[in-house]
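Colleague: What follows is a single structure, and I will ask about it in a moment.
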Amino acid sequence: MTVVTQRASGDMTGACAGLRVLEFATMVSGPYGGQLLGDLGADVIKVEPLSGDPLRSIRPAHNGMSSTFVQFNRNKRSIAINLKSSEGAAIARELAASADILIENNRTGVMQRLGLDYEALRGDNPGLIYASVTGFGSSGPYADRLAYEHLLQAFCGVMRLQGRDGPPAGIQNVVVDKSSAMFATNAILAALLYRERGGGGQKIDLSLMAAAASFLLPESMTNDSFLDPAAEQVKAPNTFFPVETADGHVIGYLQQRSHFVALCRVFGREDLIEDPRFQTAWDIFSKLPVIWSEMQSVAGNLTTRQVVKAAGREGMPLAPVNTMRDFIADPQVAHGQVFETIDDADLGPVRHIRYPASLSQSPASIRMIAPRLGEHGAAVLAELGRSPEEIAALRDQRIIA
């Protein structure tokens, strides 16, 4: 686990160094995208309402900082502006005039009412890449609907798929929001490439609905890909069967017959290798409940360590079912430098999950933890040419926090 001290915000490294991002976004779907660009070196200015991003209120917190907010808002500077005031909106437009990228995830129509929509800004900044993340899209019958993780998992059919033959069940993770942020970042980087090749700026529209479908549904299109009425219909089996050992749980994956043979050897069930029920790949895949029940009958006599070691010897895809702290302490995780710790004067050491890709020539970096509300407002306004007296007046008038 690497431990570093916060670097100055101007200490920019990475493939996106020199790019300025304005983030008019809250919660996860927008801020995670801003963080990814910040990790890649961009100067990300988070424009918050005077009350702050609601994610700041999620507990647990330490010395006034939410642990959840920390994980989605590092490598950013914060300025809190009353955008409903004419002076505040003017500041935002001034910031946008020199930005490369703008990310927003407000309800459809909000940015237009504030005079901060793409059409309003592109005249002063034709190279602006403007990414809007909406719930159901910027047009259509559901354009005005509120959208959150739970709603999208339900709407896109994911809860039915998770529940299978039982009650609907959600994925206990904000997969829709995070995948939307990753798709938005991917589109932004593509738009930057287009601009570099001589094109101008452009508007990017991304809905949580479309992102959820693209990320969560491809393997679930089992019976909905081929529209020919004669096409084969198959009920997709459950493939998750954790097995309880003497001191924990393990889980494996079976797709090929070689996996099955290895599994039988791991658990000492060589008697099943020639069983006529399990001779083809489809035999195995379609009888997973039976196979894992057979393994469970003997697994209680083995420790997790014994099973994992045997699986490695036999070439069986299998892993322990870790707790979060088990994962953090794992030697492969340490070797892969999955986590990095930043020392903060107020919060002490703060553990972060690092940017997952290693770029040999332009590495990503964590330069500073998530900002306090409005922490960098004076510095950002000074960059726009505002004097200390003007900044103080704006604060007194509650135009900035």
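FYI, nothing fancy with the structure tokens labels: chains A, B, ... in order, residues from 1 per chain, ligands from 1 as they appear.
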Quick one: which range 2-94 of chain A residues come within 10 Å of range 381-384 of chain A, and what is the nearest atom pair for each with the distance in Å to one decimal, counting only C-alpha atoms, rows ordered by chain and ascending number, as a Markdown table?
Modeller:
| residue | atom | partner | partner_atom | distance |
| --- | --- | --- | --- | --- |
| A:Ile79 | CA | A:Leu381 | CA | 8.8 |
| A:Ile91 | CA | A:Leu381 | CA | 8.3 |
| A:Glu94 | CA | A:Leu384 | CA | 7.8 |
Colleague: Need to verify the contact set: Ala191 in chain A, 9 Å, only C-alpha atoms, exclusion of same-chain residues closer than 3 positions in sequence. Can you return it as number ranges by chain?
Modeller: A: 129, 186-188, 194-196, 199-204
Colleague: Those residues you just picked out, can you put them in a file as a PDB file, in the first residue's frame with C-alpha atoms?
Modeller:
ATOM      1  CA  ILE A 129     -17.106  18.994 -25.128  1.00  0.00           C
ATOM      2  CA  ASN A 186     -15.154   6.955 -22.803  1.00  0.00           C
ATOM      3  CA  ALA A 187     -17.294   9.223 -24.993  1.00  0.00           C
ATOM      4  CA  ILE A 188     -15.487  12.335 -23.721  1.00  0.00           C
ATOM      5  CA  TYR A 194     -12.072  13.973 -32.681  1.00  0.00           C
ATOM      6  CA  ARG A 195     -11.235  17.540 -31.649  1.00  0.00           C
ATOM      7  CA  GLU A 196      -7.504  16.827 -31.835  1.00  0.00           C
ATOM      8  CA  GLY A 199     -13.000  18.625 -35.467  1.00  0.00           C
ATOM      9  CA  GLY A 200     -14.625  20.974 -32.986  1.00  0.00           C
ATOM     10  CA  GLY A 201     -16.428  20.488 -29.743  1.00  0.00           C
ATOM     11  CA  GLN A 202     -19.646  18.540 -29.482  1.00  0.00           C
ATOM     12  CA  LYS A 203     -22.560  17.572 -27.260  1.00  0.00           C
ATOM     13  CA  ILE A 204     -22.648  14.137 -25.670  1.00  0.00           C
TER      14      ILE A 204
END
Colleague: I'd like the contact shell of Leu302 in chain A - 7 Å cut-off, only C-alpha atoms, skipping same-chain residues fewer than 3 positions apart - returned as a PDB file with C-alpha atoms, in the first residue's frame.
Modeller:
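File around.pdb, as written:
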ATOM      1  CA  THR A 245     -15.729 -24.741   3.786  1.00  0.00           C
ATOM      2  CA  ALA A 246     -14.679 -25.486   7.362  1.00  0.00           C
ATOM      3  CA  ALA A 299     -16.305 -29.177   1.490  1.00  0.00           C
ATOM      4  CA  GLN A 306      -6.665 -26.073   1.426  1.00  0.00           C
ATOM      5  CA  VAL A 307      -9.292 -25.690  -1.296  1.00  0.00           C
TER       6      VAL A 307
END
Colleague: Which of range 39-131 of chain A end up as strand (DSSP E or B) when DSSP is run on this backbone - answer as a list in words?
Modeller: Asp43, Val44, Ile45, Lys46, Val47, Glu48, Ala61, His62, Met65, Ser66, Lys76, Arg77, Ser78, Ile79, Ala80, Ile81, Ile101, Leu102, Ile103, Glu104, Ile129, Tyr130 and Ala131 of chain A
Colleague: Here is a test: counting only C-alpha atoms, which residue of A:Ala42, A:Ala370, A:Val321, A:Val338 is nearest to Asp247 in chain A?
Modeller: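 Ranking A:Ala42, A:Ala370, A:Val321, A:Val338 by distance to Asp247 in chain A, first place goes to A:Val321.
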Colleague: Give me the residues within 7 Å of range 348-363 of chain A as a ChimeraX atom specification, counting only C-alpha atoms and dropping any in the same chain fewer than 6 places off.
Modeller: /A:14-15,39,71,338-342
Colleague: From the list A:Ala212, A:Leu189, A:Met111, A:Leu263, which residue is nearest Gln153 in chain A when using only C-alpha atoms?
Modeller: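 Checking each of A:Ala212, A:Leu189, A:Met111, A:Leu263 against Gln153 in chain A, counting only C-alpha atoms, the winner is A:Ala212.
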Colleague: To one decimal place, how far is CA of Val175 in chain A from CA of Val308 in chain A in Å?
Modeller: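 If I compute the distance from CA of Val175 in chain A to CA of Val308 in chain A, I get 28.5 Å.
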Colleague: Restricting the calculation to only C-alpha atoms: of A:Asp100, A:His150, A:Gly123, A:Glu23, which residue gets closest to Asn173 in chain A?
Modeller: A:His150
Colleague: Could you pull the residues within 7 Å of range 285-294 of chain A, counting only C-alpha atoms, minus those fewer than 6 positions along the same chain, as a PyMOL selection string?
Modeller: chain A and resi 237+239+241+254-255
Colleague: CA of Thr185 in chain A and CA of Gly33 in chain A, how far apart in Å?
Modeller: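 These atoms are spaced 5.6 Å apart.
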Colleague: As an exercise, work out the distance from CA of Cys16 in chain A to CA of Leu36 in chain A in Å and give it to one decimal place.
Modeller: 10.2 Å
Colleague: Run DSSP on the backbone and grab whatever in range 267-303 of chain A lands in helix (DSSP H, G or I); send it over as a VMD selection string.
Modeller: chain A and resid 270 to 272 276 to 278 281 to 286 288 to 299
Colleague: Using only C-alpha atoms, can you tell me which of A:Gly300, A:Gly34, A:Gly198, A:Pro60 comes closest to Arg77 in chain A?
Modeller: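 Using only C-alpha atoms, the shortest distance to Arg77 in chain A belongs to A:Gly34.
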